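Chemist: Quick one: structure below, then a few questions.
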Amino acid sequence: MKPRTAPPTPPPLRPRPPIPHVPREPGVIPEAERAFFVEEFRGVTIVVSLPALTDAGVAAVGRVVSGFEPGDTRFVLVVKDLEDAERLRQEFPAPAAVVTSPTVWEDAGMAGLWLTVADEDRVIVVANPDGVAETAGFLAAGLRASKVVLTDPGGGWGSPPRSFADLEILRLGLLGELTRRGIGNLLPAAEAALRGGAFSVNLCRAEDLELELFTFDGAGTLLTLGGYVTLAQLRVDDLPAVEALVAQGVTDGVLKPRSRAEIARMAVGGLGARVVRTGHLAGVVGLETDLYAGEGVGEVSGLITVSEFSGAGAGGMLLEGLLGHAANLGLRAVFAVTVSSDAATFFAHRGFREVSREELPKAKWRDYDTARLAVARCFWRDVESDR
């Protein structure tokens, strides 16, 4: 093992402006998205189980690992035999340590593996051919690895794959699916990793590893235990991220253009869905009350989520948090106006009823864009019962 001086203590994590989602060709990774996630995984140990490696899978793993400078990100790759270990080693620009799974707990124990991973960055563990996933889960828990990827030729959960699954809620559904595919052992492996300290586990094909790790849309299913995002009031440090999210919404045609002053006013009374591990924003929402002073109502303002977290419940969490805030303010109702059919469905599924324009405060329509007015849909929800 090569000696290395301890790296400097990293600065506290701060929210960063999200990279707007842009349509892309299948299999093509925008450089901005790749750079975002490369930065996201700096200083992180990633454990990947690779029970069935095709040539395309080997190449994908090689590209992922080679995308990080030595010392930035540590990889522990679990394979079924020495042949696969050697195939992977050929893909890496720097040497990789190879250990066999009995060595992990029979020789120097887990402490020895900690030293190997810390010193070598790229470690390939050769497991029992029938226990690759279980070994990955065991090692992830022992290392307290932050990120785990379980690969399988069948990819994520469902067709098309679900983007997100909280195992506290959807465990039985996922277990049934994996059991039907003959890989029910992946669920205990995922749970071991999550209970051991992993913030999330990805389920995907080895060939899709780049898309799963380096894009917002991903290619498989992100598994968590107890939620991936949390709700919090926005801070002044969040303003650049809020501006970027609003700009994304305007580009997508979901939000109307806003001045910086309007965005700042929205943020002052707004809420953010924050990714637990990194602190960066998965979505934002504001509550407009000043325009409707004395009428006892508020407007859902600027609700938008980063596409990666649309399945993680960020939108619903933001809306429920906003309704609670409205109840605390003593408002009798909250309304929303949207030109997006997806947003209309979202509001309808969360207890809002569609109403006519005439039922909203007149102040809403002052200087309102004529083109948007022609397609705007209005939704209303009473909050008296939430007080």
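Ordering of the structure tokens sets the chain letters (A, B, ...), residue numbers begin anew at 1 in every chain, and ligands are numbered from 1 in the order given.
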Give me the residues near Leu203 of chain A as an MDAnalysis selection string, where near means some atom within 7 Å (using only C-alpha atoms) and where sequence neighbours in that chain fewer than 6 positions away do not count.
Modeler: chainID A and resid 149:151 155:156 220:222
Chemist: Within segment 109-184 of chain A, find each residue whose DSSP state, derived from the backbone, is helix (DSSP H, G or I), and express the selection as an mmCIF file with N, CA, C and O atoms, in the first residue's frame.
Modeler:
```
data_model
loop_
_atom_site.group_PDB
_atom_site.id
_atom_site.type_symbol
_atom_site.label_atom_id
_atom_site.label_comp_id
_atom_site.auth_asym_id
_atom_site.auth_seq_id
_atom_site.Cartn_x
_atom_site.Cartn_y
_atom_site.Cartn_z
ATOM 1 N N GLY A 109 -9.113 -8.349 9.069
ATOM 2 C CA GLY A 109 -10.459 -7.934 9.425
ATOM 3 C C GLY A 109 -10.887 -6.670 8.706
ATOM 4 O O GLY A 109 -10.240 -6.200 7.773
ATOM 5 N N MET A 110 -11.985 -6.088 9.158
ATOM 6 C CA MET A 110 -12.529 -4.910 8.507
ATOM 7 C C MET A 110 -11.582 -3.729 8.602
ATOM 8 O O MET A 110 -11.500 -2.908 7.694
ATOM 9 N N ALA A 111 -10.829 -3.651 9.693
ATOM 10 C CA ALA A 111 -9.873 -2.550 9.830
ATOM 11 C C ALA A 111 -8.838 -2.602 8.707
ATOM 12 O O ALA A 111 -8.419 -1.564 8.170
ATOM 13 N N GLY A 112 -8.418 -3.815 8.342
ATOM 14 C CA GLY A 112 -7.473 -3.953 7.240
ATOM 15 C C GLY A 112 -8.061 -3.478 5.931
ATOM 16 O O GLY A 112 -7.381 -2.837 5.119
ATOM 17 N N LEU A 113 -9.353 -3.773 5.708
ATOM 18 C CA LEU A 113 -10.005 -3.313 4.482
ATOM 19 C C LEU A 113 -10.122 -1.791 4.479
ATOM 20 O O LEU A 113 -9.954 -1.154 3.433
ATOM 21 N N TRP A 114 -10.412 -1.207 5.637
ATOM 22 C CA TRP A 114 -10.463 0.257 5.731
ATOM 23 C C TRP A 114 -9.134 0.859 5.241
ATOM 24 O O TRP A 114 -9.124 1.818 4.461
ATOM 25 N N LEU A 115 -8.035 0.294 5.693
ATOM 26 C CA LEU A 115 -6.733 0.829 5.292
ATOM 27 C C LEU A 115 -6.491 0.632 3.798
ATOM 28 O O LEU A 115 -5.976 1.523 3.122
ATOM 29 N N THR A 116 -6.892 -0.543 3.293
ATOM 30 C CA THR A 116 -6.703 -0.805 1.866
ATOM 31 C C THR A 116 -7.493 0.179 1.024
ATOM 32 O O THR A 116 -6.991 0.758 0.056
ATOM 33 N N VAL A 117 -8.758 0.390 1.378
ATOM 34 C CA VAL A 117 -9.614 1.306 0.612
ATOM 35 C C VAL A 117 -9.087 2.734 0.720
ATOM 36 O O VAL A 117 -9.049 3.476 -0.272
ATOM 37 N N ALA A 118 -8.675 3.136 1.913
ATOM 38 C CA ALA A 118 -8.187 4.508 2.100
ATOM 39 C C ALA A 118 -6.909 4.754 1.321
ATOM 40 O O ALA A 118 -6.693 5.852 0.793
ATOM 41 N N ASP A 119 -6.047 3.741 1.212
ATOM 42 C CA ASP A 119 -4.743 3.931 0.582
ATOM 43 C C ASP A 119 -4.736 3.669 -0.915
ATOM 44 O O ASP A 119 -3.955 4.266 -1.656
ATOM 45 N N GLU A 120 -5.599 2.774 -1.365
ATOM 46 C CA GLU A 120 -5.530 2.344 -2.762
ATOM 47 C C GLU A 120 -6.585 2.978 -3.671
ATOM 48 O O GLU A 120 -6.452 2.937 -4.892
ATOM 49 N N VAL A 132 -22.296 -12.241 -4.551
ATOM 50 C CA VAL A 132 -21.711 -10.940 -4.887
ATOM 51 C C VAL A 132 -22.489 -9.802 -4.231
ATOM 52 O O VAL A 132 -21.906 -8.902 -3.603
ATOM 53 N N ALA A 133 -23.811 -9.827 -4.373
ATOM 54 C CA ALA A 133 -24.620 -8.754 -3.792
ATOM 55 C C ALA A 133 -24.518 -8.745 -2.274
ATOM 56 O O ALA A 133 -24.368 -7.679 -1.650
ATOM 57 N N GLU A 134 -24.597 -9.932 -1.654
ATOM 58 C CA GLU A 134 -24.508 -10.001 -0.200
ATOM 59 C C GLU A 134 -23.167 -9.481 0.300
ATOM 60 O O GLU A 134 -23.101 -8.756 1.301
ATOM 61 N N THR A 135 -22.095 -9.833 -0.417
ATOM 62 C CA THR A 135 -20.774 -9.341 -0.024
ATOM 63 C C THR A 135 -20.703 -7.822 -0.139
ATOM 64 O O THR A 135 -20.154 -7.144 0.733
ATOM 65 N N ALA A 136 -21.279 -7.285 -1.214
ATOM 66 C CA ALA A 136 -21.288 -5.832 -1.390
ATOM 67 C C ALA A 136 -22.038 -5.155 -0.251
ATOM 68 O O ALA A 136 -21.593 -4.128 0.282
ATOM 69 N N GLY A 137 -23.192 -5.704 0.136
ATOM 70 C CA GLY A 137 -23.954 -5.125 1.237
ATOM 71 C C GLY A 137 -23.202 -5.196 2.548
ATOM 72 O O GLY A 137 -23.185 -4.235 3.331
ATOM 73 N N PHE A 138 -22.541 -6.340 2.797
ATOM 74 C CA PHE A 138 -21.753 -6.525 4.010
ATOM 75 C C PHE A 138 -20.596 -5.535 4.061
ATOM 76 O O PHE A 138 -20.350 -4.878 5.085
ATOM 77 N N LEU A 139 -19.874 -5.418 2.957
ATOM 78 C CA LEU A 139 -18.735 -4.514 2.925
ATOM 79 C C LEU A 139 -19.168 -3.060 3.043
ATOM 80 O O LEU A 139 -18.518 -2.250 3.711
ATOM 81 N N ALA A 140 -20.264 -2.709 2.372
ATOM 82 C CA ALA A 140 -20.759 -1.331 2.448
ATOM 83 C C ALA A 140 -21.095 -0.953 3.879
ATOM 84 O O ALA A 140 -20.777 0.147 4.348
ATOM 85 N N ALA A 141 -21.748 -1.893 4.597
ATOM 86 C CA ALA A 141 -22.097 -1.629 5.991
ATOM 87 C C ALA A 141 -20.835 -1.519 6.846
ATOM 88 O O ALA A 141 -20.725 -0.644 7.709
ATOM 89 N N GLY A 142 -19.864 -2.414 6.618
ATOM 90 C CA GLY A 142 -18.638 -2.389 7.402
ATOM 91 C C GLY A 142 -17.793 -1.158 7.158
ATOM 92 O O GLY A 142 -17.152 -0.641 8.074
ATOM 93 N N LEU A 143 -17.789 -0.676 5.919
ATOM 94 C CA LEU A 143 -17.027 0.527 5.568
ATOM 95 C C LEU A 143 -17.792 1.809 5.858
ATOM 96 O O LEU A 143 -17.231 2.895 5.808
ATOM 97 N N LEU A 167 -37.769 2.224 0.915
ATOM 98 C CA LEU A 167 -38.019 0.848 1.338
ATOM 99 C C LEU A 167 -38.902 0.766 2.578
ATOM 100 O O LEU A 167 -39.470 -0.292 2.847
ATOM 101 N N GLU A 168 -39.016 1.842 3.339
ATOM 102 C CA GLU A 168 -39.928 1.813 4.480
ATOM 103 C C GLU A 168 -41.381 1.741 4.011
ATOM 104 O O GLU A 168 -42.260 1.288 4.746
ATOM 105 N N ILE A 169 -41.624 2.164 2.785
ATOM 106 C CA ILE A 169 -42.991 2.181 2.256
ATOM 107 C C ILE A 169 -43.197 1.097 1.203
ATOM 108 O O ILE A 169 -44.247 0.441 1.166
ATOM 109 N N LEU A 170 -42.197 0.851 0.378
ATOM 110 C CA LEU A 170 -42.378 -0.002 -0.805
ATOM 111 C C LEU A 170 -41.581 -1.296 -0.744
ATOM 112 O O LEU A 170 -41.357 -1.937 -1.768
ATOM 113 N N ARG A 171 -41.184 -1.727 0.439
ATOM 114 C CA ARG A 171 -40.331 -2.899 0.554
ATOM 115 C C ARG A 171 -40.967 -4.147 -0.049
ATOM 116 O O ARG A 171 -40.315 -4.893 -0.802
ATOM 117 N N LEU A 172 -42.224 -4.423 0.286
ATOM 118 C CA LEU A 172 -42.864 -5.654 -0.183
ATOM 119 C C LEU A 172 -42.998 -5.677 -1.701
ATOM 120 O O LEU A 172 -42.805 -6.719 -2.335
ATOM 121 N N GLY A 173 -43.318 -4.530 -2.284
ATOM 122 C CA GLY A 173 -43.430 -4.470 -3.736
ATOM 123 C C GLY A 173 -42.113 -4.761 -4.418
ATOM 124 O O GLY A 173 -42.043 -5.518 -5.389
ATOM 125 N N LEU A 174 -41.035 -4.183 -3.899
ATOM 126 C CA LEU A 174 -39.722 -4.419 -4.484
ATOM 127 C C LEU A 174 -39.282 -5.861 -4.271
ATOM 128 O O LEU A 174 -38.743 -6.502 -5.178
ATOM 129 N N LEU A 175 -39.546 -6.409 -3.082
ATOM 130 C CA LEU A 175 -39.165 -7.793 -2.806
ATOM 131 C C LEU A 175 -39.859 -8.742 -3.772
ATOM 132 O O LEU A 175 -39.235 -9.671 -4.302
ATOM 133 N N GLY A 176 -41.152 -8.516 -4.029
ATOM 134 C CA GLY A 176 -41.879 -9.363 -4.961
ATOM 135 C C GLY A 176 -41.286 -9.314 -6.353
ATOM 136 O O GLY A 176 -41.109 -10.349 -7.014
ATOM 137 N N GLU A 177 -40.930 -8.115 -6.809
ATOM 138 C CA GLU A 177 -40.345 -7.948 -8.136
ATOM 139 C C GLU A 177 -38.989 -8.648 -8.230
ATOM 140 O O GLU A 177 -38.720 -9.387 -9.186
ATOM 141 N N LEU A 178 -38.125 -8.434 -7.238
ATOM 142 C CA LEU A 178 -36.800 -9.031 -7.284
ATOM 143 C C LEU A 178 -36.868 -10.548 -7.150
ATOM 144 O O LEU A 178 -36.086 -11.270 -7.784
ATOM 145 N N THR A 179 -37.794 -11.043 -6.347
ATOM 146 C CA THR A 179 -37.949 -12.491 -6.194
ATOM 147 C C THR A 179 -38.391 -13.125 -7.504
ATOM 148 O O THR A 179 -37.901 -14.190 -7.891
ATOM 149 N N ARG A 180 -39.317 -12.476 -8.198
ATOM 150 C CA ARG A 180 -39.757 -13.002 -9.503
ATOM 151 C C ARG A 180 -38.604 -13.049 -10.497
ATOM 152 O O ARG A 180 -38.563 -13.908 -11.378
#
```
Chemist: So that I can check the secondary structure, give me every residue of segment 51-258 of chain A assigned strand (DSSP E) by backbone DSSP, as an NGL selection string.
Modeler: :A and (74-79 or 97-100 or 122-126 or 147-151 or 164-166 or 200-204 or 221-224 or 229-233)
Chemist: Write a file of the selected residues as a JSON list (two decimals), in the first residue's frame, keeping C-alpha atoms.
Modeler:
```json
[["chain", "number", "residue", "atom", "x", "y", "z"],
["A", 74, "ARG", "CA", -12.79, 5.55, -3.62],
["A", 75, "PHE", "CA", -14.30, 2.53, -5.38],
["A", 76, "VAL", "CA", -14.88, -0.95, -4.00],
["A", 77, "LEU", "CA", -15.94, -3.24, -6.86],
["A", 78, "VAL", "CA", -17.27, -6.68, -5.95],
["A", 79, "VAL", "CA", -16.99, -9.37, -8.64],
["A", 97, "ALA", "CA", -5.80, -3.69, -5.30],
["A", 98, "VAL", "CA", -7.43, -7.13, -5.54],
["A", 99, "VAL", "CA", -8.52, -9.00, -2.42],
["A", 100, "THR", "CA", -10.64, -12.10, -1.94],
["A", 122, "ARG", "CA", -9.62, 1.33, -6.28],
["A", 123, "VAL", "CA", -10.21, -2.04, -4.64],
["A", 124, "ILE", "CA", -11.63, -5.13, -6.36],
["A", 125, "VAL", "CA", -13.09, -7.75, -4.03],
["A", 126, "VAL", "CA", -13.53, -11.27, -5.39],
["A", 147, "LYS", "CA", -22.98, 5.24, -1.94],
["A", 148, "VAL", "CA", -23.80, 1.72, -3.14],
["A", 149, "VAL", "CA", -24.77, 0.41, -6.57],
["A", 150, "LEU", "CA", -26.19, -3.09, -7.04],
["A", 151, "THR", "CA", -26.11, -4.12, -10.68],
["A", 164, "PHE", "CA", -37.11, 6.20, -6.63],
["A", 165, "ALA", "CA", -38.30, 3.85, -3.87],
["A", 166, "ASP", "CA", -38.37, 4.36, -0.11],
["A", 200, "SER", "CA", -28.82, 5.62, -1.02],
["A", 201, "VAL", "CA", -28.49, 2.44, -3.07],
["A", 202, "ASN", "CA", -28.90, 2.36, -6.84],
["A", 203, "LEU", "CA", -30.25, -0.66, -8.72],
["A", 204, "CYS", "CA", -29.31, -0.69, -12.41],
["A", 221, "THR", "CA", -34.01, 2.83, -9.33],
["A", 222, "LEU", "CA", -32.71, 4.83, -6.37],
["A", 223, "LEU", "CA", -33.43, 3.06, -3.06],
["A", 224, "THR", "CA", -33.47, 4.79, 0.32],
["A", 229, "VAL", "CA", -35.01, 14.73, 1.12],
["A", 230, "THR", "CA", -36.06, 16.81, 4.09],
["A", 231, "LEU", "CA", -38.07, 20.03, 4.36],
["A", 232, "ALA", "CA", -36.57, 23.30, 5.61],
["A", 233, "GLN", "CA", -37.01, 27.04, 5.31]]
```
Chemist: Measuring atom to atom with only C-alpha atoms, identify which of A:Gly249, A:Gly351, A:Pro153, A:Gly321 is nearest to Leu209 of chain A.
Modeler: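 Looking only at the distances to Leu209 of chain A, the closest residue turns out to be A:Pro153.
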Chemist: So the first atom is atom CA of Glu358 of chain A and the second is atom CA of Ala327 of chain A; what is the distance between them in Å, to one decimal place?
Modeler: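 Result for atom CA of Glu358 of chain A versus atom CA of Ala327 of chain A: 23.7 Å, one decimal.
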Chemist: Can you work out the spacing between atom CA of Asn128 of chain A and atom CA of Ala94 of chain A in Å, to one decimal?
Modeler: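 Those two atoms sit 25.7 Å apart.
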Chemist: So what do you get for atom CA of Leu225 of chain A versus atom CA of Ala193 of chain A, distance-wise?
Modeler: 10.0 Å
Chemist: Excluding Gly283 of chain A and any residue of its chain fewer than 6 positions from it, enumerate the residues within 10 Å of it, using only C-alpha atoms, and give them as a list in words.
Modeler: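 Residues near the query, excluding close chain neighbours: Pro18, Val229, Leu231, Ala241, Val242, Leu245, Val246, Leu271, Gly272, Ala273, Arg274, Val275, Gly302, Leu303, Ile304, Thr305, Val306, Ser307, Phe309, Ser310, Ala314, Gly315, Met317 and Leu318 of chain A.
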Chemist: Please provide the set of residues having any atom within 9 Å of segment 259-269 of chain A, restricted to only C-alpha atoms, with same-chain residues fewer than 3 positions apart removed, written as JSON, numbers by chain.
Modeler: {"A": [233, 234, 235, 236, 238, 239, 242, 243, 246, 272, 284, 285, 286, 287, 288, 301, 302]}
Chemist: Take the residues that were just selected and, keeping C-alpha atoms, output them as a CSV table (one decimal), in the first residue's frame.
Modeler:
```csv
chain,number,residue,atom,x,y,z
A,233,GLN,CA,-37.0,27.0,5.3
A,234,LEU,CA,-34.9,28.7,2.6
A,235,ARG,CA,-31.8,30.6,3.6
A,236,VAL,CA,-30.1,33.5,2.0
A,238,ASP,CA,-29.9,29.3,-1.2
A,239,LEU,CA,-30.8,32.3,-3.3
A,242,VAL,CA,-33.5,29.2,-6.1
A,243,GLU,CA,-32.8,31.5,-9.1
A,246,VAL,CA,-36.9,29.2,-11.3
A,272,GLY,CA,-36.9,24.0,0.2
A,284,VAL,CA,-38.5,25.0,-3.8
A,285,VAL,CA,-41.8,26.6,-3.3
A,286,GLY,CA,-43.1,30.0,-2.1
A,287,LEU,CA,-46.3,31.3,-0.5
A,288,GLU,CA,-47.5,34.6,-1.9
A,301,SER,CA,-45.6,30.4,-6.0
A,302,GLY,CA,-42.8,28.9,-7.9
```
Chemist: Taking only C-alpha atoms into account, name the residue in A:Ala219, A:Gly330, A:Asp367, A:Arg381 that is nearest to Arg353 of chain A.
Modeler: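 When distances to Arg353 of chain A are compared using only C-alpha atoms, the smallest one comes from A:Arg381.
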